[in-house]
Each structure stands twice: as C-alpha cells, then as structure tokens.
$ cat model37.cif   # mmCIF, C-alpha atoms
data_model
loop_
_atom_site.label_atom_id
_atom_site.label_comp_id
_atom_site.auth_asym_id
_atom_site.auth_seq_id
_atom_site.Cartn_x
_atom_site.Cartn_y
_atom_site.Cartn_z
CA MET A 13 48.24 -40.91 177.05
CA THR A 14 51.63 -39.16 176.89
CA THR A 15 50.70 -35.49 176.44
CA THR A 16 49.01 -33.32 179.04
CA THR A 17 48.94 -29.97 177.27
CA PRO A 18 45.46 -29.25 175.90
CA ILE A 19 45.22 -29.13 172.11
CA PRO A 20 44.61 -25.57 170.88
CA SER A 21 41.49 -24.89 168.84
CA ARG A 22 42.01 -25.11 165.07
CA ASP A 23 39.57 -24.55 162.22
CA ILE A 24 39.71 -27.57 159.91
CA THR A 25 37.05 -27.07 157.28
CA VAL A 26 36.01 -29.79 154.85
CA ARG A 27 35.56 -28.09 151.47
CA ARG A 28 34.29 -29.40 148.16
CA PRO A 29 36.27 -27.47 145.56
CA GLY A 30 34.17 -28.29 142.51
CA ILE A 31 37.15 -28.76 140.18
CA ASP A 32 36.19 -29.37 136.55
CA HIS A 33 38.46 -32.21 135.47
CA GLU A 34 37.01 -32.17 131.96
CA GLN A 35 38.72 -28.89 131.04
CA PRO A 36 41.44 -29.29 128.36
CA LEU A 37 44.94 -29.57 129.79
CA PRO A 38 48.23 -29.16 127.90
CA LYS A 39 50.74 -31.99 128.19
CA HIS A 40 53.27 -29.85 130.07
CA PHE A 41 50.84 -28.10 132.36
CA VAL A 42 53.35 -26.43 134.70
CA ALA A 43 55.17 -23.49 133.08
CA ASP A 44 55.19 -25.43 129.77
CA ASP A 45 58.17 -27.20 131.35
CA PRO A 46 58.72 -30.98 131.17
CA MET A 47 60.40 -31.58 134.55
CA ARG A 48 58.11 -29.30 136.51
CA SER A 49 55.08 -30.95 134.90
CA HIS A 50 56.26 -34.51 135.49
CA ILE A 51 57.12 -33.75 139.13
CA ALA A 52 53.64 -32.29 139.71
CA ALA A 53 52.00 -35.24 137.93
CA MET A 54 53.91 -37.82 139.96
CA LEU A 55 53.14 -36.00 143.20
CA SER A 56 49.48 -36.16 142.29
CA SER A 57 49.80 -39.84 141.43
CA VAL A 58 50.94 -40.77 144.96
CA PHE A 59 48.30 -38.67 146.73
CA PRO A 60 45.16 -40.87 146.54
CA GLU A 61 46.61 -44.00 148.12
CA GLY A 62 48.73 -41.90 150.43
CA GLU A 63 45.69 -40.01 151.71
CA ASP A 64 43.84 -43.29 152.28
CA PHE A 65 46.80 -44.60 154.28
CA PHE A 66 46.87 -41.43 156.39
CA VAL A 67 43.17 -41.79 157.19
CA ARG A 68 43.56 -45.45 158.21
CA SER A 69 46.58 -44.69 160.37
CA VAL A 70 44.88 -41.91 162.31
CA ARG A 71 41.48 -43.60 162.49
CA ALA A 72 43.07 -46.64 164.16
CA TYR A 73 43.66 -44.50 167.26
CA ARG A 74 40.40 -42.54 167.45
CA ASP A 75 39.22 -44.48 170.51
CA ARG A 76 42.43 -43.62 172.39
CA ILE A 77 42.15 -39.86 172.01
CA ASP A 78 41.03 -38.22 175.26
CA ASP A 79 41.25 -34.57 174.23
CA PRO A 80 37.85 -33.47 172.79
CA GLU A 81 39.45 -30.78 170.63
CA LEU A 82 41.82 -33.28 169.06
CA SER A 83 38.91 -35.67 168.47
CA LYS A 84 37.12 -32.90 166.59
CA GLN A 85 40.23 -32.15 164.54
CA VAL A 86 40.66 -35.82 163.65
CA LYS A 87 37.16 -35.79 162.20
CA GLY A 88 38.05 -32.77 160.07
CA PHE A 89 41.35 -34.36 159.04
CA ILE A 90 39.61 -37.52 157.84
CA GLY A 91 37.01 -35.51 155.93
CA GLN A 92 39.60 -33.35 154.19
CA GLU A 93 41.88 -36.24 153.28
CA ALA A 94 39.03 -38.30 151.85
CA ILE A 95 38.11 -35.51 149.43
CA HIS A 96 41.77 -34.89 148.54
CA GLY A 97 42.04 -38.50 147.44
CA ARG A 98 38.88 -38.28 145.36
CA GLU A 99 39.89 -35.09 143.56
CA HIS A 100 43.39 -36.30 142.77
CA ARG A 101 42.06 -39.60 141.45
CA ASP A 102 39.96 -37.65 138.97
CA PHE A 103 42.92 -35.45 138.07
CA ASN A 104 45.16 -38.51 137.68
CA ASP A 105 42.68 -39.99 135.23
CA GLN A 106 42.99 -36.81 133.20
CA LEU A 107 46.79 -36.98 133.36
CA ALA A 108 46.71 -40.62 132.25
CA GLU A 109 44.88 -39.56 129.10
CA LEU A 110 47.81 -37.23 128.38
CA GLY A 111 50.25 -40.13 128.68
CA TYR A 112 51.45 -39.78 132.27
CA PRO A 113 51.87 -43.14 134.11
CA THR A 114 49.73 -41.99 137.03
CA LEU A 115 47.60 -45.12 137.21
CA GLY A 116 50.60 -47.44 137.27
CA VAL A 117 52.25 -45.40 140.02
CA ASP A 118 48.98 -45.43 141.95
CA ARG A 119 48.90 -49.26 141.83
CA LEU A 120 52.52 -49.55 142.99
CA VAL A 121 51.94 -47.13 145.89
CA LYS A 122 48.81 -49.07 146.86
CA ARG A 123 50.79 -52.34 147.02
CA PHE A 124 53.63 -50.75 148.98
CA LEU A 125 51.31 -49.17 151.55
CA ALA A 126 49.27 -52.38 151.84
CA PHE A 127 52.51 -54.22 152.65
CA LEU A 128 53.36 -51.57 155.23
CA HIS A 129 49.89 -51.90 156.73
CA LYS A 130 50.18 -55.68 157.06
CA THR A 131 53.77 -55.93 158.31
CA THR A 132 54.36 -52.97 160.64
CA PRO A 133 52.83 -51.93 163.98
CA LYS A 134 50.06 -49.35 163.96
CA SER A 135 52.30 -46.99 165.92
CA HIS A 136 54.86 -47.10 163.11
CA GLN A 137 52.17 -46.44 160.50
CA LEU A 138 51.05 -43.42 162.51
CA ALA A 139 54.67 -42.22 162.71
CA VAL A 140 54.94 -42.58 158.91
CA THR A 141 51.76 -40.55 158.53
CA ALA A 142 53.02 -37.79 160.84
CA ALA A 143 56.29 -37.64 158.90
CA LEU A 144 54.62 -37.48 155.49
CA GLU A 145 52.15 -34.90 156.75
CA HIS A 146 55.15 -32.75 157.63
CA TYR A 147 56.32 -33.18 154.02
CA THR A 148 52.98 -32.18 152.54
CA ALA A 149 52.53 -29.25 154.94
CA THR A 150 56.01 -27.92 154.16
CA LEU A 151 55.46 -28.14 150.40
CA ALA A 152 51.96 -26.68 150.79
CA GLU A 153 53.25 -23.65 152.66
CA ALA A 154 55.93 -23.10 150.02
CA LEU A 155 53.27 -23.11 147.30
CA LEU A 156 50.86 -20.81 149.11
CA ARG A 157 53.60 -18.24 149.77
CA ASP A 158 54.96 -18.21 146.22
CA ASP A 159 52.86 -16.26 143.72
CA ALA A 160 55.22 -17.13 140.87
CA ALA A 161 54.99 -20.87 141.59
CA ARG A 162 51.18 -20.81 141.49
CA ALA A 163 51.26 -18.76 138.30
CA GLU A 164 53.14 -21.59 136.58
CA PHE A 165 50.02 -23.78 136.44
CA ALA A 166 48.62 -23.61 132.93
CA THR A 167 44.92 -23.55 133.85
CA ASP A 168 42.80 -22.04 136.60
CA GLU A 169 41.37 -25.49 137.39
CA VAL A 170 44.75 -27.09 138.10
CA ARG A 171 45.90 -24.05 140.05
CA ALA A 172 42.72 -24.22 142.13
CA LEU A 173 43.24 -27.94 142.76
CA PHE A 174 46.75 -27.53 144.13
CA THR A 175 46.07 -24.36 146.14
CA TRP A 176 42.90 -25.84 147.70
CA HIS A 177 44.87 -28.95 148.64
CA ALA A 178 47.71 -26.82 150.02
CA LEU A 179 45.32 -24.76 152.15
CA GLU A 180 43.78 -27.81 153.77
CA GLU A 181 47.14 -29.51 154.31
CA THR A 182 48.22 -26.37 156.15
CA GLU A 183 45.03 -26.37 158.22
CA HIS A 184 45.46 -29.93 159.47
CA LYS A 185 49.27 -30.07 159.53
CA SER A 186 49.39 -30.79 163.28
CA VAL A 187 46.66 -33.42 163.58
CA ALA A 188 48.57 -36.65 162.83
CA PHE A 189 51.52 -35.36 164.84
CA ASP A 190 49.34 -34.56 167.85
CA VAL A 191 47.68 -37.98 167.68
CA TYR A 192 51.12 -39.60 167.57
CA GLU A 193 52.29 -37.56 170.57
CA GLU A 194 49.15 -38.44 172.51
CA VAL A 195 49.28 -42.20 171.94
CA SER A 196 53.06 -42.73 171.72
CA GLY A 197 55.32 -39.69 171.82
CA ASN A 198 58.42 -41.79 171.17
CA HIS A 199 60.96 -39.27 169.88
CA VAL A 200 63.47 -41.90 168.70
CA GLU A 201 60.82 -43.73 166.68
CA ARG A 202 59.54 -40.46 165.24
CA VAL A 203 62.98 -39.32 164.04
CA ALA A 204 64.03 -42.76 162.80
CA THR A 205 60.78 -43.03 160.86
CA MET A 206 61.39 -39.65 159.25
CA PHE A 207 64.83 -40.79 158.05
CA ALA A 208 63.18 -43.84 156.45
CA VAL A 209 60.47 -41.62 154.95
CA HIS A 210 63.10 -39.30 153.42
CA PHE A 211 64.68 -42.27 151.68
CA ALA A 212 61.43 -43.94 150.58
CA PHE A 213 59.71 -40.76 149.40
CA LEU A 214 62.72 -39.56 147.39
CA ALA A 215 63.26 -43.03 145.92
CA ILE A 216 59.62 -43.38 144.87
CA MET A 217 59.44 -39.87 143.43
CA THR A 218 62.77 -40.16 141.61
CA GLY A 219 61.77 -43.50 140.10
CA ALA A 220 58.30 -42.32 139.13
CA VAL A 221 59.53 -39.08 137.54
CA THR A 222 62.28 -40.93 135.67
CA VAL A 223 59.83 -43.43 134.20
CA SER A 224 57.34 -40.67 133.40
CA VAL A 225 59.91 -38.55 131.55
CA ALA A 226 61.33 -41.57 129.74
CA GLN A 227 57.89 -42.23 128.26
CA ASP A 228 57.46 -38.61 127.14
CA ARG A 229 59.37 -38.25 123.88
CA SER A 230 58.23 -34.66 123.51
CA ALA A 231 60.27 -33.81 126.62
CA TRP A 232 63.61 -35.31 125.61
CA ARG A 233 65.01 -32.44 123.54
CA ARG A 234 64.08 -29.90 126.20
CA LEU A 235 65.29 -31.98 129.12
CA PRO A 236 68.77 -30.44 129.74
CA LYS A 237 67.36 -26.91 130.06
CA SER A 238 64.42 -28.19 132.09
CA LEU A 239 66.73 -30.00 134.53
CA LEU A 240 68.84 -26.87 135.01
CA GLY A 241 65.68 -24.93 135.71
CA LEU A 242 64.97 -27.06 138.79
CA ARG A 243 67.48 -24.89 140.66
CA THR A 244 64.67 -22.36 141.01
CA HIS A 245 61.90 -24.88 141.75
CA PRO A 246 60.05 -23.74 144.90
CA PHE A 247 60.22 -27.21 146.48
CA PHE A 248 64.00 -27.46 146.20
CA GLN A 249 64.92 -24.26 148.02
CA ARG A 250 67.11 -24.20 151.14
CA ASP A 251 64.28 -22.95 153.36
CA VAL A 252 62.10 -25.91 152.42
CA ILE A 253 64.88 -28.39 153.13
CA THR A 254 65.63 -26.69 156.47
CA ARG A 255 61.98 -26.93 157.50
CA LEU A 256 61.82 -30.60 156.55
CA LEU A 257 64.89 -31.36 158.68
CA ASP A 258 63.50 -29.37 161.60
CA TYR A 259 61.17 -32.31 162.22
CA ASN A 260 64.09 -34.16 163.83
CA ARG A 261 64.54 -31.55 166.55
CA LYS A 262 63.73 -32.54 170.11
CA GLY A 263 60.56 -30.73 171.14
CA PHE A 264 59.54 -29.95 167.55
CA HIS A 265 55.88 -29.26 166.80
CA PRO A 266 54.36 -28.38 163.39
CA ASP A 267 52.94 -25.18 164.88
CA ASP A 268 56.52 -23.96 165.36
CA HIS A 269 56.24 -22.91 161.71
CA ASP A 270 53.71 -20.11 162.06
CA THR A 271 51.06 -20.16 159.34
CA VAL A 272 48.27 -18.30 161.16
CA GLU A 273 48.34 -15.23 158.91
CA LEU A 274 48.82 -17.38 155.81
CA LEU A 275 45.69 -19.38 156.68
CA GLU A 276 43.70 -16.21 157.35
CA GLU A 277 44.71 -14.87 153.94
CA TRP A 278 43.77 -18.03 152.06
CA ARG A 279 40.52 -18.60 153.91
CA ALA A 280 39.53 -15.05 153.02
CA ARG A 281 40.41 -15.70 149.39
CA TYR A 282 38.17 -18.76 149.34
CA GLU A 283 35.31 -16.87 150.96
CA ALA A 284 35.74 -14.22 148.27
CA GLY A 285 35.79 -16.85 145.53
CA ILE A 286 39.46 -16.33 144.76
CA ALA A 287 40.78 -19.87 145.02
CA ALA A 288 43.99 -19.56 143.04
#
$ encode --input "model37.cif" --output "structure tokens"
Amino acid sequence: MTTTTPIPSRDITVRRPGIDHEQPLPKHFVADDPMRSHIAAMLSSVFPEGEDFFVRSVRAYRDRIDDPELSKQVKGFIGQEAIHGREHRDFNDQLAELGYPTLGVDRLVKRFLAFLHKTTPKSHQLAVTAALEHYTATLAEALLRDDAARAEFATDEVRALFTWHALEETEHKSVAFDVYEEVSGNHVERVATMFAVHFAFLAIMTGAVTVSVAQDRSAWRRLPKSLLGLRTHPFFQRDVITRLLDYNRKGFHPDDHDTVELLEEWRARYEAGIAA
C-alpha cells in the first residue's frame, strides 16, 4: 500500500434512472445540429465497453484495498458503472436505428480494450481507467454546470440520460484514482498513461465522428456552419482543457476540483424528481 491518508467519506449512490428508450428521437438530437449530435452519439457508443473495462480494472485490485471506506466506494463505483453501460447500450440501439454507426464503434472499442486487457499489466489498465475517469468527470462537470448545454438535448429522456450519467461520474470521480494511488502511486506511469490516453481517445473519437458524419447525407450541406459552431461547444472550452491537463500535476487529486455544492444541487434535484 502506498497511501496512508484515510479516504474521506463519499456518497456514491447506485440509481436506476428509468429512461424510456422507446420515445421518438430526431436524427440530430442535440440542438438540431449535426456535429453536436454526432459527437454525443459517438461518446455514447464508446461508453458501454469503456464502463466494462473500468469495472474490470478496478475489480482486479479489490483484494488489495485496505481502507474500508475505499472498499465501500469501489462497490458503489462498480454498481454505477454497470448500470451506465446498460443504459447506454439501450440508447445506442436507438441511435443505430437512426443510422448512427454506434454498434460498429462498440465492436471496435471492445476489440481494442480486449487487446489492452490481454497485453498490458493490470497496473497499466488501472492507470488507463483513472485517466479516462478524469476525462469523464471533467466533461460531466462541464455539462452539469451549463444550463444551455443541457437545454440542447431534444428530448427530456436524452437529457435525463446524460445528466444522470454526469451526476454519477462526478460522485465517483476519485475512486479509480484512489485505488491506483493505494496499489501503485507511480506518478511517472500515471502521467505517461494520460498522454497515451489523450492520443488514443482523440483518435478514436475523431475517427468515429468522421465516419458517422460521412454516412449522414442529411448533415453534409449544414456541415460548414455546424463545424464553426463547435467553437462554443461546452467540451471544447479553455477551462475544460485546463482541467484535463491538471491531471499531470505532481500531487494532483480529483477532489482538487471542488464539486461538493454541485453534487448537493443535483442530488436535491433528483430527490425532487427534477432529473434534467
């Protein structure tokens, strides 16, 4: 064990959002905009296999976790991620019916992560998980803080799906990182892995979105304006990029980005039945 500081208590609640994936969905379901819609669809397409990989990576070290609070949080992490994968698989099926290549992307991600699982040490897989969890937590926080971004979703069901996912990613944002620090804590490996993750994630997303748009003839005439509009996309803002790069800092911890009040707000909204 490399860390001696006790893990602070965190509420990681496994929710079942009850999303109705049978509700009609327009082709361009984010702001009636092709690029925004294809980006969201391709993000969703990588989630199911990605979530499964995260669970396997963390579960591999459950018997080496000495801190009882972290053990409890790992259980919540696994429960949340399992349901995330299930909900996004159902959503991806719906997107496939609209012509998005979500199922093909899912198969490619599955093969890539299976290769990673077979050919790399478990410690590296855990480092990959911690890095990608920083990605998802950073994007989740950006979404939860941006009323206009959430308003772009065309239906309440899709908005609820992404905000529910964002809430839970924010709740468990430190778990994989804390497990990595407890069983390894190798700063050089952590930072080097994040550099590789930057490259791989951007390459996969760029390729997937390019293929997805190329297959969508209805998007072609609107593409120039849609591409220019990405300058205001919430995920491409300077603050988001700065937070992603902060991961490389010596002594970094996900809790350095304070989301306590944000979590209180969104938990209260869920308790009140306001999930979007």
$ atom_distance --input "model37.cif" --atom1 "CA of Leu128 in chain A" --atom2 "CA of Ser196 in chain A"
18.7 Å
$ residues_around --input "model37.cif" --residues "Asp268 in chain A" --least-positions-apart "4" --cutoff "10 Å" --atoms "only C-alpha atoms" --output "PyMOL selection string"
chain A and resi 258+263-264
$ write_last_selection --input "model37.cif" --atoms "C-alpha atoms" --output "PDB file, keeping the file's coordinate frame"
ATOM      1  CA  ASP A 258      63.500 -29.370 161.600  1.00  0.00           C
ATOM      2  CA  GLY A 263      60.560 -30.730 171.140  1.00  0.00           C
ATOM      3  CA  PHE A 264      59.540 -29.950 167.550  1.00  0.00           C
TER       4      PHE A 264
END
$ atom_distance --input "model37.cif" --atom1 "CA of Ala212 in chain A" --atom2 "CA of Ala188 in chain A"
19.2 Å
$ resolve_selection --input "model37.cif" --expression "the PyMOL selection byres ((chain A and resi 201) around 12)" --output "list in words"
Pro133, Ser135, His136, Gln137, Leu138, Ala139, Val140, Ala142, Ala143, Tyr192, Glu193, Ser196, Gly197, Asn198, His199, Val200, Arg202, Val203, Ala204, Thr205, Met206, Phe207, Ala208, Val209 and Asn260 of chain A
$ residues_around --input "model37.cif" --residues "Ser49 in chain A" --least-positions-apart "4" --cutoff "12 Å" --atoms "all atoms listed in the file" --output "PDB file with C-alpha atoms, keeping the file's coordinate frame"
ATOM      1  CA  LEU A  37      44.940 -29.570 129.790  1.00  0.00           C
ATOM      2  CA  PRO A  38      48.230 -29.160 127.900  1.00  0.00           C
ATOM      3  CA  LYS A  39      50.740 -31.990 128.190  1.00  0.00           C
ATOM      4  CA  HIS A  40      53.270 -29.850 130.070  1.00  0.00           C
ATOM      5  CA  PHE A  41      50.840 -28.100 132.360  1.00  0.00           C
ATOM      6  CA  VAL A  42      53.350 -26.430 134.700  1.00  0.00           C
ATOM      7  CA  ALA A  43      55.170 -23.490 133.080  1.00  0.00           C
ATOM      8  CA  ASP A  44      55.190 -25.430 129.770  1.00  0.00           C
ATOM      9  CA  ASP A  45      58.170 -27.200 131.350  1.00  0.00           C
ATOM     10  CA  ALA A  53      52.000 -35.240 137.930  1.00  0.00           C
ATOM     11  CA  MET A  54      53.910 -37.820 139.960  1.00  0.00           C
ATOM     12  CA  LEU A  55      53.140 -36.000 143.200  1.00  0.00           C
ATOM     13  CA  SER A  56      49.480 -36.160 142.290  1.00  0.00           C
ATOM     14  CA  LEU A 107      46.790 -36.980 133.360  1.00  0.00           C
ATOM     15  CA  LEU A 110      47.810 -37.230 128.380  1.00  0.00           C
ATOM     16  CA  TYR A 112      51.450 -39.780 132.270  1.00  0.00           C
ATOM     17  CA  GLU A 164      53.140 -21.590 136.580  1.00  0.00           C
ATOM     18  CA  PHE A 165      50.020 -23.780 136.440  1.00  0.00           C
ATOM     19  CA  ALA A 166      48.620 -23.610 132.930  1.00  0.00           C
ATOM     20  CA  VAL A 170      44.750 -27.090 138.100  1.00  0.00           C
ATOM     21  CA  VAL A 221      59.530 -39.080 137.540  1.00  0.00           C
ATOM     22  CA  SER A 224      57.340 -40.670 133.400  1.00  0.00           C
ATOM     23  CA  VAL A 225      59.910 -38.550 131.550  1.00  0.00           C
ATOM     24  CA  ASP A 228      57.460 -38.610 127.140  1.00  0.00           C
ATOM     25  CA  ALA A 231      60.270 -33.810 126.620  1.00  0.00           C
ATOM     26  CA  LEU A 235      65.290 -31.980 129.120  1.00  0.00           C
ATOM     27  CA  SER A 238      64.420 -28.190 132.090  1.00  0.00           C
ATOM     28  CA  LEU A 239      66.730 -30.000 134.530  1.00  0.00           C
ATOM     29  CA  LEU A 242      64.970 -27.060 138.790  1.00  0.00           C
ATOM     30  CA  HIS A 245      61.900 -24.880 141.750  1.00  0.00           C
TER      31      HIS A 245
END
$ resolve_selection --input "model37.cif" --expression "the PyMOL selection byres ((chain A and resi 220) around 9)" --output "list of chain:residue names"
A:His50, A:Ile51, A:Met54, A:Pro113, A:Thr114, A:Val117, A:Ala215, A:Ile216, A:Met217, A:Thr218, A:Gly219, A:Val221, A:Thr222, A:Val223, A:Ser224, A:Val225
$ resolve_selection --input "model37.cif" --expression "the PyMOL selection byres ((chain A and resi 160) around 12)" --output "number ranges by chain"
A: 42-43, 154-159, 161-165, 171, 244-246, 288
$ closest_residue --input "model37.cif" --among "A:Leu275, A:Leu257, A:Leu144, A:Ile19" --to "Thr182 in chain A" --atoms "all atoms listed in the file"
A:Leu275
$ atom_distance --input "model37.cif" --atom1 "CA of Ser83 in chain A" --atom2 "CA of Thr132 in chain A"
24.5 Å
$ closest_residue --input "model37.cif" --among "A:Phe127, A:Phe174, A:Tyr259, A:Phe59" --to "Asn104 in chain A" --atoms "all atoms listed in the file"
A:Phe59
$ build_atoms --input "model37.cif" --residues "range 240-264 of chain A" --atoms "N, CA and C atoms" --output "PDB file, in the coordinates of the input"
ATOM      1  N   LEU A 240      68.144 -28.029 134.439  1.00  0.00           N
ATOM      2  CA  LEU A 240      68.840 -26.870 135.010  1.00  0.00           C
ATOM      3  C   LEU A 240      67.878 -25.921 135.698  1.00  0.00           C
ATOM      4  N   GLY A 241      66.677 -25.837 135.150  1.00  0.00           N
ATOM      5  CA  GLY A 241      65.680 -24.930 135.710  1.00  0.00           C
ATOM      6  C   GLY A 241      65.170 -25.352 137.076  1.00  0.00           C
ATOM      7  N   LEU A 242      65.426 -26.610 137.473  1.00  0.00           N
ATOM      8  CA  LEU A 242      64.970 -27.060 138.790  1.00  0.00           C
ATOM      9  C   LEU A 242      65.690 -26.356 139.928  1.00  0.00           C
ATOM     10  N   ARG A 243      66.789 -25.648 139.612  1.00  0.00           N
ATOM     11  CA  ARG A 243      67.480 -24.890 140.660  1.00  0.00           C
ATOM     12  C   ARG A 243      66.576 -23.824 141.265  1.00  0.00           C
ATOM     13  N   THR A 244      65.589 -23.384 140.501  1.00  0.00           N
ATOM     14  CA  THR A 244      64.670 -22.360 141.010  1.00  0.00           C
ATOM     15  C   THR A 244      63.309 -22.935 141.400  1.00  0.00           C
ATOM     16  N   HIS A 245      63.179 -24.254 141.383  1.00  0.00           N
ATOM     17  CA  HIS A 245      61.900 -24.880 141.750  1.00  0.00           C
ATOM     18  C   HIS A 245      61.607 -24.564 143.213  1.00  0.00           C
ATOM     19  N   PRO A 246      60.366 -24.143 143.516  1.00  0.00           N
ATOM     20  CA  PRO A 246      60.050 -23.740 144.900  1.00  0.00           C
ATOM     21  C   PRO A 246      60.228 -24.844 145.924  1.00  0.00           C
ATOM     22  N   PHE A 247      60.106 -26.108 145.522  1.00  0.00           N
ATOM     23  CA  PHE A 247      60.220 -27.210 146.480  1.00  0.00           C
ATOM     24  C   PHE A 247      61.660 -27.593 146.784  1.00  0.00           C
ATOM     25  N   PHE A 248      62.611 -27.065 146.017  1.00  0.00           N
ATOM     26  CA  PHE A 248      64.000 -27.460 146.200  1.00  0.00           C
ATOM     27  C   PHE A 248      64.847 -26.338 146.813  1.00  0.00           C
ATOM     28  N   GLN A 249      64.204 -25.371 147.425  1.00  0.00           N
ATOM     29  CA  GLN A 249      64.920 -24.260 148.020  1.00  0.00           C
ATOM     30  C   GLN A 249      65.424 -24.610 149.414  1.00  0.00           C
ATOM     31  N   ARG A 250      66.470 -23.905 149.854  1.00  0.00           N
ATOM     32  CA  ARG A 250      67.110 -24.200 151.140  1.00  0.00           C
ATOM     33  C   ARG A 250      66.132 -24.101 152.307  1.00  0.00           C
ATOM     34  N   ASP A 251      65.223 -23.122 152.257  1.00  0.00           N
ATOM     35  CA  ASP A 251      64.280 -22.950 153.360  1.00  0.00           C
ATOM     36  C   ASP A 251      63.365 -24.161 153.498  1.00  0.00           C
ATOM     37  N   VAL A 252      62.966 -24.723 152.379  1.00  0.00           N
ATOM     38  CA  VAL A 252      62.100 -25.910 152.420  1.00  0.00           C
ATOM     39  C   VAL A 252      62.852 -27.088 153.024  1.00  0.00           C
ATOM     40  N   ILE A 253      64.081 -27.290 152.604  1.00  0.00           N
ATOM     41  CA  ILE A 253      64.880 -28.390 153.130  1.00  0.00           C
ATOM     42  C   ILE A 253      65.129 -28.208 154.630  1.00  0.00           C
ATOM     43  N   THR A 254      65.404 -26.980 155.049  1.00  0.00           N
ATOM     44  CA  THR A 254      65.630 -26.690 156.470  1.00  0.00           C
ATOM     45  C   THR A 254      64.393 -27.025 157.294  1.00  0.00           C
ATOM     46  N   ARG A 255      63.221 -26.653 156.780  1.00  0.00           N
ATOM     47  CA  ARG A 255      61.980 -26.930 157.500  1.00  0.00           C
ATOM     48  C   ARG A 255      61.699 -28.430 157.580  1.00  0.00           C
ATOM     49  N   LEU A 256      62.003 -29.160 156.520  1.00  0.00           N
ATOM     50  CA  LEU A 256      61.820 -30.600 156.550  1.00  0.00           C
ATOM     51  C   LEU A 256      62.707 -31.240 157.624  1.00  0.00           C
ATOM     52  N   LEU A 257      63.956 -30.788 157.716  1.00  0.00           N
ATOM     53  CA  LEU A 257      64.890 -31.360 158.680  1.00  0.00           C
ATOM     54  C   LEU A 257      64.573 -30.931 160.112  1.00  0.00           C
ATOM     55  N   ASP A 258      63.847 -29.848 160.263  1.00  0.00           N
ATOM     56  CA  ASP A 258      63.500 -29.370 161.600  1.00  0.00           C
ATOM     57  C   ASP A 258      62.645 -30.387 162.358  1.00  0.00           C
ATOM     58  N   TYR A 259      62.002 -31.277 161.618  1.00  0.00           N
ATOM     59  CA  TYR A 259      61.170 -32.310 162.220  1.00  0.00           C
ATOM     60  C   TYR A 259      61.953 -33.176 163.212  1.00  0.00           C
ATOM     61  N   ASN A 260      63.260 -33.300 162.996  1.00  0.00           N
ATOM     62  CA  ASN A 260      64.090 -34.160 163.830  1.00  0.00           C
ATOM     63  C   ASN A 260      64.440 -33.526 165.178  1.00  0.00           C
ATOM     64  N   ARG A 261      64.156 -32.259 165.331  1.00  0.00           N
ATOM     65  CA  ARG A 261      64.540 -31.550 166.550  1.00  0.00           C
ATOM     66  C   ARG A 261      63.727 -32.020 167.743  1.00  0.00           C
ATOM     67  N   LYS A 262      64.408 -32.197 168.865  1.00  0.00           N
ATOM     68  CA  LYS A 262      63.730 -32.540 170.110  1.00  0.00           C
ATOM     69  C   LYS A 262      62.779 -31.405 170.479  1.00  0.00           C
ATOM     70  N   GLY A 263      61.538 -31.735 170.784  1.00  0.00           N
ATOM     71  CA  GLY A 263      60.560 -30.730 171.140  1.00  0.00           C
ATOM     72  C   GLY A 263      59.880 -30.064 169.963  1.00  0.00           C
ATOM     73  N   PHE A 264      60.181 -30.531 168.746  1.00  0.00           N
ATOM     74  CA  PHE A 264      59.540 -29.950 167.550  1.00  0.00           C
ATOM     75  C   PHE A 264      58.022 -30.133 167.599  1.00  0.00           C
TER      76      PHE A 264
END
